[in-house]
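Everything below belongs to protein_33.tsv, which stores TSV, C-alpha atoms and all ligand atoms.
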chain	number	residue	atom	x	y	z
A	16	MET	CA	-71.65	-77.83	-207.28
A	17	ASP	CA	-69.85	-75.17	-209.30
A	18	ALA	CA	-66.27	-75.26	-210.50
A	19	ALA	CA	-65.07	-73.12	-207.60
A	20	GLY	CA	-66.59	-75.52	-205.13
A	21	GLU	CA	-64.99	-78.49	-206.82
A	22	ALA	CA	-61.56	-76.90	-206.71
A	23	GLY	CA	-62.08	-76.52	-202.99
A	24	ASP	CA	-60.22	-73.27	-202.68
A	25	GLY	CA	-62.25	-70.79	-204.59
A	26	ALA	CA	-60.39	-71.39	-207.86
A	27	SER	CA	-62.51	-71.40	-211.01
A	28	SER	CA	-61.52	-73.92	-213.65
A	29	LYS	CA	-60.22	-72.91	-217.08
A	30	GLY	CA	-63.00	-72.76	-219.62
A	31	GLY	CA	-65.58	-72.52	-216.88
A	32	GLU	CA	-67.93	-69.63	-216.35
A	33	GLY	CA	-66.18	-66.30	-216.52
A	34	ALA	CA	-63.33	-67.45	-218.78
A	35	PRO	CA	-62.80	-64.79	-221.43
A	36	GLY	CA	-62.60	-65.69	-225.11
A	37	ASP	CA	-58.95	-64.69	-225.47
A	38	GLY	CA	-57.04	-67.71	-224.14
A	39	ALA	CA	-53.66	-65.99	-223.78
A	40	ALA	CA	-55.09	-63.05	-221.86
A	41	TRP	CA	-57.01	-65.41	-219.68
A	42	GLU	CA	-53.86	-67.42	-218.94
A	43	ALA	CA	-52.03	-64.23	-217.94
A	44	GLU	CA	-54.84	-63.13	-215.67
A	45	TRP	CA	-55.00	-66.59	-214.18
A	46	ALA	CA	-51.26	-66.73	-213.57
A	47	MET	CA	-51.46	-63.39	-211.76
A	48	GLY	CA	-54.18	-64.72	-209.54
A	49	ARG	CA	-56.78	-62.12	-210.53
A	50	LEU	CA	-59.42	-64.64	-211.46
A	51	ARG	CA	-59.27	-66.51	-208.22
A	52	ALA	CA	-61.75	-66.02	-205.48
A	53	PRO	CA	-60.39	-65.78	-201.93
A	54	LEU	CA	-59.63	-69.06	-200.21
A	55	SER	CA	-62.85	-70.63	-199.03
A	56	ALA	CA	-63.42	-71.93	-195.51
A	57	GLY	CA	-62.13	-75.39	-194.70
A	58	LEU	CA	-59.30	-77.61	-193.59
A	59	TYR	CA	-56.46	-77.76	-196.13
A	60	LEU	CA	-54.04	-80.70	-195.96
A	61	VAL	CA	-50.96	-79.30	-197.61
A	62	ALA	CA	-48.04	-81.45	-198.78
A	63	THR	CA	-44.61	-79.85	-198.32
A	64	PRO	CA	-41.20	-80.89	-199.72
A	65	ILE	CA	-39.39	-84.02	-198.48
A	66	GLY	CA	-36.00	-82.49	-199.22
A	67	ASN	CA	-35.91	-80.31	-202.30
A	68	LEU	CA	-37.61	-77.00	-201.48
A	69	GLU	CA	-38.81	-76.69	-205.08
A	70	ASP	CA	-41.10	-79.67	-204.57
A	71	ILE	CA	-44.11	-77.63	-203.55
A	72	THR	CA	-47.03	-76.74	-205.76
A	73	LEU	CA	-48.14	-73.24	-206.66
A	74	ARG	CA	-51.48	-74.03	-205.10
A	75	ALA	CA	-49.84	-75.17	-201.86
A	76	LEU	CA	-47.95	-71.87	-201.64
A	77	ARG	CA	-51.12	-69.89	-202.23
A	78	VAL	CA	-53.05	-71.86	-199.62
A	79	LEU	CA	-50.25	-71.40	-197.07
A	80	ARG	CA	-50.15	-67.69	-197.86
A	81	GLU	CA	-53.91	-67.13	-197.67
A	82	ALA	CA	-54.88	-69.42	-194.80
A	83	ASP	CA	-55.76	-67.86	-191.44
A	84	ARG	CA	-53.42	-70.24	-189.65
A	85	ILE	CA	-51.03	-73.06	-190.41
A	86	ALA	CA	-51.09	-76.00	-187.99
A	87	CYS	CA	-47.56	-77.44	-188.03
A	88	GLU	CA	-46.02	-80.61	-186.68
A	89	ASP	CA	-43.03	-78.45	-185.72
A	90	THR	CA	-43.46	-74.71	-186.13
A	91	ARG	CA	-39.69	-74.09	-186.32
A	92	GLN	CA	-39.29	-76.61	-189.12
A	93	THR	CA	-42.16	-75.12	-191.13
A	94	GLN	CA	-40.87	-71.59	-190.54
A	95	LYS	CA	-37.82	-72.46	-192.67
A	96	LEU	CA	-40.12	-73.25	-195.60
A	97	LEU	CA	-42.34	-70.23	-194.99
A	98	HIS	CA	-39.33	-67.97	-194.73
A	99	HIS	CA	-37.94	-69.33	-197.99
A	100	TYR	CA	-41.17	-68.39	-199.77
A	101	GLY	CA	-41.77	-65.14	-197.88
A	102	ILE	CA	-44.99	-66.39	-196.25
A	103	ARG	CA	-46.01	-64.73	-192.99
A	104	THR	CA	-49.15	-66.66	-192.03
A	105	PRO	CA	-49.35	-67.33	-188.26
A	106	THR	CA	-48.50	-70.87	-187.19
A	107	VAL	CA	-49.70	-73.09	-184.37
A	108	SER	CA	-48.30	-76.45	-183.24
A	109	TYR	CA	-50.17	-79.63	-184.10
A	110	HIS	CA	-48.24	-82.81	-183.34
A	111	ALA	CA	-48.58	-86.35	-182.00
A	112	HIS	CA	-48.68	-85.14	-178.37
A	113	ASN	CA	-51.38	-82.47	-178.68
A	114	GLU	CA	-53.26	-83.86	-181.68
A	115	ALA	CA	-56.62	-84.57	-180.02
A	116	GLY	CA	-56.87	-81.34	-177.97
A	117	ARG	CA	-55.58	-79.12	-180.73
A	118	ALA	CA	-57.86	-80.77	-183.28
A	119	ALA	CA	-60.92	-79.93	-181.18
A	120	GLU	CA	-59.76	-76.31	-180.82
A	121	LEU	CA	-59.06	-75.90	-184.54
A	122	VAL	CA	-62.38	-77.45	-185.50
A	123	GLU	CA	-64.15	-74.72	-183.50
A	124	GLU	CA	-62.30	-72.18	-185.60
A	125	LEU	CA	-63.20	-74.05	-188.78
A	126	LYS	CA	-66.87	-74.14	-187.81
A	127	ALA	CA	-66.75	-70.37	-187.51
A	128	GLY	CA	-65.56	-70.16	-191.14
A	129	GLY	CA	-61.80	-70.44	-190.62
A	130	ARG	CA	-59.32	-71.52	-193.28
A	131	ILE	CA	-56.72	-73.72	-191.66
A	132	ALA	CA	-53.80	-75.40	-193.38
A	133	VAL	CA	-52.21	-78.50	-191.85
A	134	VAL	CA	-48.62	-79.39	-192.68
A	135	SER	CA	-46.20	-81.97	-191.33
A	136	ASP	CA	-42.43	-81.57	-191.12
A	137	ALA	CA	-42.08	-83.01	-194.60
A	138	GLY	CA	-44.26	-84.65	-197.21
A	139	THR	CA	-47.94	-85.37	-197.02
A	140	PRO	CA	-49.74	-84.85	-193.70
A	141	GLY	CA	-51.52	-87.95	-192.41
A	142	ILE	CA	-49.05	-90.35	-194.05
A	143	ALA	CA	-46.97	-91.65	-191.12
A	144	ASP	CA	-47.51	-88.15	-189.75
A	145	PRO	CA	-50.19	-86.28	-187.77
A	146	GLY	CA	-53.34	-85.34	-189.63
A	147	ALA	CA	-55.86	-88.15	-189.19
A	148	GLU	CA	-57.36	-86.78	-185.95
A	149	ILE	CA	-58.18	-83.35	-187.30
A	150	VAL	CA	-59.53	-84.78	-190.56
A	151	ALA	CA	-61.90	-87.04	-188.63
A	152	ALA	CA	-62.94	-84.18	-186.34
A	153	ALA	CA	-63.53	-81.82	-189.28
A	154	ILE	CA	-65.62	-84.40	-191.16
A	155	ALA	CA	-67.67	-85.07	-188.01
A	156	ALA	CA	-68.27	-81.33	-187.68
A	157	GLY	CA	-69.38	-81.04	-191.30
A	158	VAL	CA	-66.39	-78.91	-192.28
A	159	ALA	CA	-64.86	-79.15	-195.80
A	160	VAL	CA	-61.60	-81.13	-195.92
A	161	ILE	CA	-59.45	-80.23	-198.91
A	162	PRO	CA	-56.33	-82.14	-199.99
A	163	VAL	CA	-53.51	-80.14	-201.53
A	164	PRO	CA	-51.33	-82.99	-202.83
A	165	GLY	CA	-47.61	-82.97	-203.42
A	166	ALA	CA	-44.40	-84.57	-202.20
A	167	ASN	CA	-44.51	-87.93	-200.51
A	168	ALA	CA	-41.59	-90.28	-199.83
A	169	LEU	CA	-43.32	-93.58	-200.54
A	170	LEU	CA	-44.56	-92.53	-203.98
A	171	ALA	CA	-41.24	-90.90	-204.89
A	172	GLY	CA	-39.49	-94.16	-203.95
A	173	LEU	CA	-41.96	-96.40	-205.73
A	174	ILE	CA	-42.03	-94.65	-209.08
A	175	ALA	CA	-38.24	-94.78	-209.45
A	176	SER	CA	-37.76	-98.20	-207.85
A	177	GLY	CA	-38.00	-100.18	-211.07
A	178	LEU	CA	-40.21	-102.68	-209.24
A	179	ASP	CA	-43.42	-103.99	-210.72
A	180	VAL	CA	-45.67	-101.31	-209.23
A	181	GLU	CA	-48.40	-102.33	-211.67
A	182	ALA	CA	-48.80	-105.44	-209.52
A	183	GLY	CA	-50.05	-103.03	-206.86
A	184	PHE	CA	-48.37	-101.96	-203.65
A	185	CYS	CA	-49.03	-102.09	-199.97
A	186	PHE	CA	-47.73	-99.39	-197.64
A	187	HIS	CA	-47.10	-100.31	-194.02
A	188	GLY	CA	-45.65	-97.11	-192.56
A	189	PHE	CA	-42.70	-97.76	-190.22
A	190	LEU	CA	-41.57	-101.32	-189.61
A	191	PRO	CA	-41.90	-102.16	-185.90
A	192	GLY	CA	-38.72	-101.32	-183.96
A	193	LYS	CA	-38.90	-104.50	-181.88
A	194	ALA	CA	-37.28	-107.49	-183.59
A	195	GLY	CA	-40.06	-109.95	-182.68
A	196	GLN	CA	-42.83	-107.72	-183.94
A	197	ARG	CA	-40.92	-106.95	-187.13
A	198	ARG	CA	-40.43	-110.65	-187.85
A	199	SER	CA	-44.11	-111.39	-187.21
A	200	LEU	CA	-45.19	-108.63	-189.55
A	201	LEU	CA	-42.88	-109.86	-192.32
A	202	GLU	CA	-43.92	-113.48	-191.78
A	203	GLY	CA	-47.54	-112.43	-192.07
A	204	LEU	CA	-46.76	-110.94	-195.48
A	205	ARG	CA	-45.12	-114.08	-196.74
A	206	GLY	CA	-48.62	-115.42	-197.21
A	207	GLY	CA	-49.27	-117.94	-199.87
A	208	GLY	CA	-47.48	-115.96	-202.52
A	209	THR	CA	-49.92	-116.78	-205.30
A	210	SER	CA	-50.88	-114.09	-207.75
A	211	GLU	CA	-54.11	-113.58	-205.82
A	212	GLY	CA	-52.32	-113.36	-202.49
A	213	LYS	CA	-51.87	-110.07	-200.67
A	214	ALA	CA	-48.10	-110.56	-200.90
A	215	ALA	CA	-48.13	-110.43	-204.69
A	216	ALA	CA	-47.62	-106.67	-204.61
A	217	VAL	CA	-44.71	-104.38	-203.82
A	218	GLN	CA	-44.45	-103.98	-200.03
A	219	VAL	CA	-43.33	-100.53	-198.87
A	220	PHE	CA	-41.97	-99.45	-195.48
A	221	TYR	CA	-40.46	-96.36	-193.96
A	222	GLU	CA	-37.30	-97.21	-192.05
A	223	ALA	CA	-34.83	-95.39	-189.84
A	224	PRO	CA	-31.12	-95.54	-190.76
A	225	HIS	CA	-30.12	-97.13	-187.44
A	226	ARG	CA	-32.51	-100.03	-188.06
A	227	ILE	CA	-32.16	-100.67	-191.79
A	228	LEU	CA	-29.48	-103.37	-191.47
A	229	GLU	CA	-31.56	-105.35	-188.97
A	230	ALA	CA	-34.62	-104.93	-191.13
A	231	LEU	CA	-32.80	-106.22	-194.21
A	232	ALA	CA	-31.47	-109.19	-192.21
A	233	ASP	CA	-35.05	-110.02	-191.23
A	234	VAL	CA	-36.26	-109.66	-194.81
A	235	GLU	CA	-33.57	-112.11	-195.85
A	236	ALA	CA	-34.42	-114.56	-193.06
A	237	VAL	CA	-38.12	-114.49	-193.84
A	238	PHE	CA	-38.15	-114.32	-197.64
A	239	GLY	CA	-34.79	-115.88	-198.47
A	240	ALA	CA	-31.47	-114.42	-199.59
A	241	GLY	CA	-32.78	-113.93	-203.12
A	242	GLN	CA	-35.54	-111.50	-202.15
A	243	ARG	CA	-35.15	-108.40	-204.30
A	244	VAL	CA	-35.35	-105.09	-202.52
A	245	VAL	CA	-34.90	-101.43	-203.30
A	246	VAL	CA	-33.86	-98.85	-200.72
A	247	GLY	CA	-34.61	-95.25	-201.74
A	248	ARG	CA	-32.37	-93.01	-199.64
A	249	GLU	CA	-32.40	-89.22	-199.25
A	250	LEU	CA	-34.98	-88.85	-201.99
A	251	THR	CA	-35.04	-85.46	-203.72
A	252	LYS	CA	-31.95	-84.41	-201.74
A	253	LEU	CA	-28.34	-83.86	-202.75
A	254	HIS	CA	-27.27	-87.40	-201.92
A	255	GLU	CA	-30.31	-89.18	-203.30
A	256	GLU	CA	-29.63	-92.81	-204.18
A	257	PHE	CA	-31.37	-96.05	-204.99
A	258	LEU	CA	-29.84	-99.30	-203.80
A	259	ARG	CA	-31.22	-102.20	-205.82
A	260	GLY	CA	-30.41	-105.86	-205.39
A	261	THR	CA	-31.12	-108.82	-203.17
A	262	ALA	CA	-31.67	-108.16	-199.48
A	263	ALA	CA	-28.22	-109.66	-198.83
A	264	GLU	CA	-26.51	-107.47	-201.42
A	265	VAL	CA	-28.11	-104.25	-200.25
A	266	ARG	CA	-27.32	-105.11	-196.63
A	267	ALA	CA	-23.69	-105.83	-197.50
A	268	GLU	CA	-23.45	-102.52	-199.39
A	269	LEU	CA	-24.94	-100.44	-196.58
A	270	GLY	CA	-23.17	-102.43	-193.86
A	271	GLY	CA	-19.83	-101.80	-195.54
A	272	ARG	CA	-20.19	-98.03	-195.17
A	273	GLU	CA	-18.61	-96.09	-192.37
A	274	SER	CA	-22.05	-95.05	-191.19
A	275	VAL	CA	-25.59	-95.55	-192.42
A	276	ARG	CA	-27.41	-92.24	-192.61
A	277	GLY	CA	-30.34	-90.52	-194.21
A	278	GLU	CA	-34.03	-91.07	-194.61
A	279	MET	CA	-35.10	-94.27	-196.29
A	280	VAL	CA	-37.93	-96.07	-197.98
A	281	LEU	CA	-37.60	-99.85	-198.12
A	282	MET	CA	-39.43	-101.68	-200.90
A	283	LEU	CA	-39.74	-105.42	-201.43
A	284	ALA	CA	-40.29	-106.85	-204.91
A	285	PRO	CA	-43.46	-108.90	-205.22
A	286	ARG	CA	-41.93	-111.86	-207.04
A	287	GLY	CA	-39.60	-112.72	-204.17
A	288	LEU	CA	-42.55	-112.92	-201.81
A	289	ARG	CA	-43.71	-116.08	-203.52
A	290	VAL	CA	-42.98	-119.42	-201.94
A	291	GLU	CA	-40.50	-120.67	-204.56
A	292	GLY	CA	-37.20	-121.79	-203.16
A	293	ALA	CA	-36.75	-120.09	-199.86
A	294	ILE	CA	-40.00	-121.07	-198.26
A	295	GLU	CA	-41.45	-124.50	-197.78
A	296	SER	CA	-44.51	-125.13	-199.98
A	297	VAL	CA	-47.96	-125.41	-198.42
A	298	ALA	CA	-48.09	-129.09	-199.41
A	299	ALA	CA	-44.71	-129.82	-197.83
A	300	ALA	CA	-45.70	-128.00	-194.63
A	301	VAL	CA	-48.98	-129.97	-194.48
A	302	ARG	CA	-47.11	-133.23	-195.10
A	303	GLY	CA	-44.75	-132.41	-192.26
A	304	LEU	CA	-47.62	-131.86	-189.82
A	305	VAL	CA	-49.45	-134.97	-190.99
A	306	GLY	CA	-46.24	-136.92	-190.47
A	307	ALA	CA	-46.22	-135.57	-186.92
A	308	GLY	CA	-49.72	-136.99	-186.34
A	309	VAL	CA	-51.93	-133.96	-187.13
A	310	GLU	CA	-55.11	-134.70	-189.07
A	311	GLU	CA	-54.84	-133.51	-192.71
A	312	LYS	CA	-57.68	-130.95	-192.58
A	313	GLU	CA	-56.38	-129.49	-189.33
A	314	ALA	CA	-52.84	-129.37	-190.76
A	315	LEU	CA	-54.02	-127.36	-193.76
A	316	LYS	CA	-55.92	-124.99	-191.47
A	317	ARG	CA	-52.84	-124.39	-189.34
A	318	VAL	CA	-50.56	-123.81	-192.32
A	319	ALA	CA	-53.03	-121.32	-193.84
A	320	LYS	CA	-53.28	-119.42	-190.56
A	321	GLU	CA	-49.51	-119.28	-190.08
A	322	ARG	CA	-49.07	-117.83	-193.56
A	323	GLY	CA	-51.96	-115.42	-193.43
A	324	MET	CA	-53.68	-117.19	-196.32
A	325	GLY	CA	-57.39	-117.56	-196.99
A	326	LYS	CA	-58.81	-121.10	-196.78
A	327	SER	CA	-59.50	-121.47	-200.49
A	328	GLU	CA	-56.13	-120.03	-201.48
A	329	ALA	CA	-54.34	-122.47	-199.14
A	330	TYR	CA	-56.45	-125.31	-200.48
A	331	ARG	CA	-55.50	-124.49	-204.07
A	332	GLU	CA	-51.80	-124.26	-203.18
A	333	TRP	CA	-52.04	-127.56	-201.36
A	334	GLN	CA	-53.70	-129.28	-204.32
A	335	ARG	CA	-51.15	-127.82	-206.69
A	336	GLY	CA	-48.19	-129.02	-204.63
A	337	LYS	CA	-49.57	-132.39	-203.58
A	338	GLY	CA	-48.11	-134.39	-206.43
A	339	ARG	CA	-44.64	-132.80	-206.19
A	401	LIG	N1	-45.44	-87.69	-194.36
A	401	LIG	C1	-44.18	-88.09	-194.95
A	401	LIG	C2	-44.43	-88.48	-196.42
A	401	LIG	O1	-45.41	-88.04	-196.99
A	401	LIG	O2	-43.64	-89.22	-196.99
A	401	LIG	C3	-43.51	-89.18	-194.15
A	401	LIG	C4	-43.17	-88.78	-192.76
A	401	LIG	S1	-42.45	-90.04	-191.81
A	401	LIG	C5	-42.50	-89.32	-190.20
A	401	LIG	C6	-40.73	-89.88	-192.15
A	401	LIG	C7	-40.18	-91.09	-192.88
A	401	LIG	O3	-40.50	-90.99	-194.26
A	401	LIG	C8	-38.66	-91.20	-192.83
A	401	LIG	O4	-38.22	-91.86	-191.65
A	401	LIG	C9	-38.36	-92.00	-194.07
A	401	LIG	O5	-38.58	-93.37	-193.86
A	401	LIG	C10	-39.41	-91.44	-195.04
A	401	LIG	N2	-38.85	-90.28	-195.74
A	401	LIG	C11	-39.16	-88.99	-195.56
A	401	LIG	N3	-38.44	-88.21	-196.39
A	401	LIG	C12	-37.66	-89.04	-197.11
A	401	LIG	C13	-36.69	-88.85	-198.13
A	401	LIG	N4	-36.38	-87.64	-198.55
A	401	LIG	N5	-36.08	-89.95	-198.64
A	401	LIG	C14	-36.41	-91.18	-198.22
A	401	LIG	N6	-37.31	-91.42	-197.26
A	401	LIG	C15	-37.93	-90.37	-196.71
Show me the file's structure as structure tokens.
Amino acid sequence: MDAAGEAGDGASSKGGEGAPGDGAAWEAEWAMGRLRAPLSAGLYLVATPIGNLEDITLRALRVLREADRIACEDTRQTQKLLHHYGIRTPTVSYHAHNEAGRAAELVEELKAGGRIAVVSDAGTPGIADPGAEIVAAAIAAGVAVIPVPGANALLAGLIASGLDVEAGFCFHGFLPGKAGQRRSLLEGLRGGGTSEGKAAAVQVFYEAPHRILEALADVEAVFGAGQRVVVGRELTKLHEEFLRGTAAEVRAELGGRESVRGEMVLMLAPRGLRVEGAIESVAAAVRGLVGAGVEEKEALKRVAKERGMGKSEAYREWQRGKGR
């Protein structure tokens, strides 16, 4: 495949075929767009700002300008962005309620050589937003799917959180609104808490302002009052802030405000997800069940299942804690 094909949008790479010897002149030509081929056919997934209108790439603007159509989660919302940048490309709605039907229709256009951009209201399409249906349909139809990356709330929150992101992270989208389901999800993450366990990574959630206090109360109940959390609020916007502390401290801070507003990303530190302190050890839980008459092997199996641990991980934890 040539450089233009790799770029996905007809752009040739610097130093590739056709690049003139004079670097400065080439840069100028490139900046003016003269060296770029027209946008090639395909489905473009274009990230848009999550607050600050400057958070959009030059490539995203060009794709939005040159596409045949822009499929928008909410056409009125996207119009504000398009207006700001003087882009007049026609828009069409593409949201949770018409995703399947609209995807089929747009794929027909793509098969005929169309260039369609997909955007959500804010951030990266397909991340807790519509996008997955049309991507699957385009791939099934053999159409090129081209990411145009950019703003995204979970990554913006993570990189400034100060948490140990190197330990890895796990994104869950929105926490369930129902208390029981939310608790179950969090309890499932508690896991064994060993370094190999799935919980030994930063856990990231999107959360609505009217539910954040309940969510923090559940985090505290499940992981203990010492669980460290970070709430990234209104990222990239005028009132951007990071609340860092234990779940109890952050809840007290937010709960003490007249009202809790704004968009939020909730992140849980990996260390606090370990069993120390707040949560009974595997060995203690097994001992408790054995004391209640359950056979040892069965007790270990039940404890592992409750905590979402693998058999060998639970066995190791059990052995480690047996003598304590
Ligand atoms: N696709 C988007 C992305 O790439 O981040 C996410 C869309 S999802 C429907 C909206 C949720 O993302 C909000 O409820 C909030 O949890 C989070 N979010 C979006 N913008 C945010 C911001 N500026 N600050 C903090 N969280 C934000």
Margin query: as a VMD selection string, please: every protein or nucleic acid residue near ligand LIG 401 (chain A) (cut-off 10 Å, counting only C-alpha atoms and all ligand atoms).
Written below: chain A and resid 62 to 67 134 to 146 164 to 172 188 to 190 219 to 224 227 246 to 257 277 to 281
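Taking atom CA of A:Ala267 as the reference point, atom CA of A:Leu228 is found at 8.7 Å.
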Check: With all atoms listed in the file as the basis for distance, which of A:Glu42, A:Glu328, A:Glu69, A:Glu264 is at the shortest distance from A:Leu96?
Finding: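 For A:Leu96, the nearest of the candidates is A:Glu69.
Take the candidates A:Val163, A:Val61, A:Leu54, A:Ala300 and check each one against A:Lys337 using all atoms listed in the file; the shortest distance goes to A:Ala300.
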Notebook entry, point to check: Of the residues A:Leu121, A:Val297, A:Val305, A:Ala236, which is the one nearest to A:Lys326, using all atoms listed in the file?
Noted result: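 Ranked by minimum distance to A:Lys326, first place goes to A:Val297.
With atom CA of A:Gly239 on one side and atom CA of A:Leu200 on the other, the separation reads 15.5 Å.
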Item checked: Who sits within 8 Å of A:Ile85, all atoms listed in the file, same chain under 2 positions skipped, as a PyMOL selection string -> chain A and resi 79+82-83+87+104-107+131-134
Next item on the list: Find the distance between atom CA of A:Gly57 and atom CA of A:Leu76 and write it in Å to one decimal.
Entry: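 Rounded to one decimal, the two atoms are 16.2 Å apart.
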Next item on the list: Excluding A:Ala56 and residues on its chain fewer than 3 positions from it, collect all residues at most 6 Å away from it, counting all atoms listed in the file, and give them as an MDAnalysis selection string.
Entry: chainID A and resid 128:130
Could you write out the selected residues, including C-alpha atoms, as a tab-separated table (two decimals), in the coordinates of the input?
chain	number	residue	atom	x	y	z
A	128	GLY	CA	-65.56	-70.16	-191.14
A	129	GLY	CA	-61.80	-70.44	-190.62
A	130	ARG	CA	-59.32	-71.52	-193.28
